[in-house]
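J.: The structure follows.
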Amino acid sequence: MALNNLLKCNSSKLVVISNILNKKKHDPQLFSHSLRFINLNQPNLTKKEYQVTFIKPNGEKIKAKGKEGDSLLDVVINNDLDFDGFGACEGTLTCSTCHVILKQKDYDRLPDKPSEEENDMLDLAFGLTDTSRLGCQIIMTKELDGLEVGLPETINDARS
């Protein structure tokens with residue numbers, strides 16, 4: 001009876017029971033080690049896309065799209081945007097080349113504040129402002145759809 005109830009559990013999971021028939025059925029520890037849950041749901045291959053606008057120092061606006069979960073650095077790379085030296089460390093928080101400047105209202109709505117490591121790198125960035133962040137640390141979400149970010153006049157690779 002207990003096996004039938006287990007097999008009827010959440011329809012998106014398949015319960016695989018092995019070697020339980022020859023073991024003690026009342027040993028909960030043995031029973032729990034004999035179970036594996038396999039997720040049968042299909043992966044979501046189509047993530048939602050959101051728009052971001054990069055504003056160059058000369059005022060030129062470049063619109064791009066990023067998928068949910070992408071960092072601004074991913075957006076630049078995936079859209080093959082040519083921002084000289086942008087993201088030189090590939091998001092490892094060892095440079096400040098993906099420095100972006102946000103409007104105060106956009107800065108305030110970011111879900112995470114800069115980490116100590118990010119602040120250390122920002123201290124080395126040119127044109128630092130109170131609303132500066134590293135693009136590799138800003139993750140695209142529905143709430144950030146339409147985000148506008150300014151690019152500084154020049155970059156500083158903190159690794160140099």
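For the structure tokens, the naming scheme is as follows: chains receive sequential letters (A, B, ...) according to their order of presentation, residues are indexed from 1 within each chain, and ligands are indexed from 1 in presentation order.
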What lies within 10 Å of His99 in chain A using only C-alpha atoms, ignoring chain neighbours under 4 positions off, as a PyMOL selection string?
T.: chain A and resi 73+86-87+95+121-122+124-128+132-137+149-152+154-156
J.: Just give me the gap between CA of Asn119 in chain A and CA of Thr97 in chain A in Å, one decimal is fine.
T.: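 Distance reported for this atom pair: 13.3 Å.
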J.: Give me the residues near Gly66 in chain A as a compact mmCIF listing (two decimals) with N, CA and C atoms, in the first residue's frame, where near means some atom within 12 Å (using only C-alpha atoms) and where sequence neighbours in that chain fewer than 5 positions away do not count.
T.:
# COMPACT_ATOMS: atom_id res chain seq x y z
N LYS A 47 13.71 31.57 -22.48
CA LYS A 47 13.66 32.56 -21.41
C LYS A 47 13.15 33.86 -21.99
N LYS A 48 12.48 34.64 -21.16
CA LYS A 48 11.97 35.93 -21.62
C LYS A 48 13.13 36.87 -21.88
N GLU A 49 12.92 37.75 -22.87
CA GLU A 49 13.94 38.73 -23.22
C GLU A 49 13.50 40.11 -22.76
N TYR A 50 14.47 40.89 -22.32
CA TYR A 50 14.21 42.24 -21.85
C TYR A 50 15.17 43.20 -22.53
N GLN A 51 14.71 44.45 -22.67
CA GLN A 51 15.51 45.44 -23.37
C GLN A 51 16.35 46.26 -22.40
N VAL A 52 17.54 46.59 -22.85
CA VAL A 52 18.44 47.47 -22.13
C VAL A 52 19.04 48.43 -23.15
N THR A 53 19.22 49.69 -22.74
CA THR A 53 19.84 50.68 -23.61
C THR A 53 21.13 51.14 -23.00
N SER A 71 23.60 38.75 -17.26
CA SER A 71 24.17 39.98 -16.71
C SER A 71 24.27 41.00 -17.84
N LEU A 72 24.49 42.26 -17.49
CA LEU A 72 24.69 43.26 -18.54
C LEU A 72 25.92 42.93 -19.37
N LEU A 73 26.92 42.32 -18.76
CA LEU A 73 28.09 41.87 -19.51
C LEU A 73 27.68 40.81 -20.53
N ASP A 74 26.82 39.88 -20.14
CA ASP A 74 26.31 38.87 -21.08
C ASP A 74 25.59 39.53 -22.25
N VAL A 75 24.82 40.57 -21.95
CA VAL A 75 24.06 41.27 -23.00
C VAL A 75 25.03 41.87 -24.02
N VAL A 76 26.09 42.49 -23.53
CA VAL A 76 27.08 43.09 -24.43
C VAL A 76 27.73 42.01 -25.29
N ILE A 77 28.13 40.91 -24.68
CA ILE A 77 28.80 39.83 -25.42
C ILE A 77 27.84 39.15 -26.39
N ASN A 78 26.65 38.81 -25.93
CA ASN A 78 25.70 38.07 -26.76
C ASN A 78 25.17 38.89 -27.93
N ASN A 79 25.20 40.22 -27.81
CA ASN A 79 24.74 41.09 -28.89
C ASN A 79 25.92 41.64 -29.70
N ASP A 80 27.12 41.14 -29.41
CA ASP A 80 28.34 41.53 -30.12
C ASP A 80 28.49 43.05 -30.19
N ILE A 138 24.95 43.04 -12.56
CA ILE A 138 23.54 43.42 -12.73
C ILE A 138 22.87 42.37 -13.60
N ILE A 139 21.89 41.70 -13.03
CA ILE A 139 21.22 40.58 -13.69
C ILE A 139 19.86 41.03 -14.23
N MET A 140 19.59 40.70 -15.49
CA MET A 140 18.34 41.09 -16.14
C MET A 140 17.15 40.35 -15.54
N THR A 141 16.13 41.11 -15.21
CA THR A 141 14.87 40.58 -14.71
C THR A 141 13.74 41.39 -15.35
N LYS A 142 12.54 40.93 -15.16
CA LYS A 142 11.36 41.63 -15.67
C LYS A 142 11.33 43.07 -15.15
N LEU A 144 13.70 45.01 -14.55
CA LEU A 144 14.72 45.86 -15.17
C LEU A 144 14.51 46.05 -16.67
N ASP A 145 13.40 45.54 -17.19
CA ASP A 145 13.10 45.71 -18.62
C ASP A 145 13.07 47.20 -18.95
N GLY A 146 13.80 47.60 -19.99
CA GLY A 146 13.85 49.00 -20.40
C GLY A 146 14.95 49.80 -19.70
N LEU A 147 15.80 49.13 -18.95
CA LEU A 147 16.88 49.78 -18.22
C LEU A 147 17.78 50.57 -19.17
J.: My list of candidates is A:Lys56, A:Leu93, A:Asp84, A:Ile62. Which is closest to Glu117 in chain A when distances are computed with only C-alpha atoms?
T.: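 Among the listed residues, the smallest separation from Glu117 in chain A belongs to A:Leu93.
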J.: Quick check, in Å to one decimal: how far apart do CA of Glu116 in chain A and CA of Thr94 in chain A lie?
T.: 12.4 Å
J.: Quick check for you: according to DSSP on this backbone, which residues of range 72-142 of chain A are classed as helix (DSSP H, G or I)? Reply as number ranges by chain.
T.: A: 72-78, 104-109, 116-122, 135-137, 142
J.: Would you kindly return, as an NGL selection string, each protein, DNA or RNA residue with an atom no farther than 10 Å from any atom of Asp106 in chain A, considering only C-alpha atoms and excluding same-chain residues fewer than 2 positions away?
T.: :A and (101-104 or 108-110 or 131 or 143-144 or 147-149)
J.: Would you please extract all strand (DSSP E or B) residues from range 58-137 of chain A, as assigned by DSSP on the backbone, and give them as a list in words?
T.: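 Put together, the selection reads Lys61, Ile62, Lys63, Ala64, Lys65, Gly66, Lys67, Ser71, His99, Val100, Ile101, Leu102, Ser132, Arg133 and Leu134 of chain A.
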J.: Would you write out those residues with N, CA and C atoms, as a tab-separated table (two decimals), in the first residue's frame?
T.:
chain	number	residue	atom	x	y	z
A	61	LYS	N	22.80	56.11	-28.33
A	61	LYS	CA	22.07	55.07	-27.60
A	61	LYS	C	22.09	53.78	-28.41
A	62	ILE	N	22.44	52.70	-27.73
A	62	ILE	CA	22.48	51.40	-28.39
A	62	ILE	C	21.55	50.48	-27.61
A	63	LYS	N	20.51	50.02	-28.30
A	63	LYS	CA	19.53	49.13	-27.68
A	63	LYS	C	19.92	47.68	-27.92
A	64	ALA	N	19.70	46.87	-26.90
A	64	ALA	CA	20.00	45.45	-27.01
A	64	ALA	C	19.00	44.69	-26.15
A	65	LYS	N	18.94	43.40	-26.38
A	65	LYS	CA	18.06	42.55	-25.58
A	65	LYS	C	18.89	41.52	-24.85
A	66	GLY	N	18.44	41.21	-23.65
A	66	GLY	CA	19.08	40.18	-22.86
A	66	GLY	C	18.04	39.25	-22.30
A	67	LYS	N	18.42	38.02	-22.09
A	67	LYS	CA	17.49	37.05	-21.54
A	67	LYS	C	17.47	37.15	-20.03
A	71	SER	N	23.60	38.75	-17.26
A	71	SER	CA	24.17	39.98	-16.71
A	71	SER	C	24.27	41.00	-17.84
A	99	HIS	N	32.21	48.80	-15.96
A	99	HIS	CA	31.63	49.88	-15.16
A	99	HIS	C	30.50	50.55	-15.95
A	100	VAL	N	29.34	50.65	-15.32
A	100	VAL	CA	28.20	51.36	-15.91
A	100	VAL	C	27.67	52.35	-14.88
A	101	ILE	N	26.97	53.35	-15.38
A	101	ILE	CA	26.40	54.38	-14.52
A	101	ILE	C	24.88	54.37	-14.70
A	102	LEU	N	24.19	54.23	-13.60
A	102	LEU	CA	22.73	54.14	-13.63
A	102	LEU	C	22.10	55.45	-13.17
A	132	SER	N	27.23	54.12	-9.67
A	132	SER	CA	28.06	53.23	-10.50
A	132	SER	C	27.90	51.79	-10.03
A	133	ARG	N	27.91	50.88	-10.99
A	133	ARG	CA	27.92	49.44	-10.71
A	133	ARG	C	28.75	48.77	-11.79
A	134	LEU	N	29.07	47.51	-11.54
A	134	LEU	CA	29.74	46.71	-12.57
A	134	LEU	C	28.66	45.93	-13.31
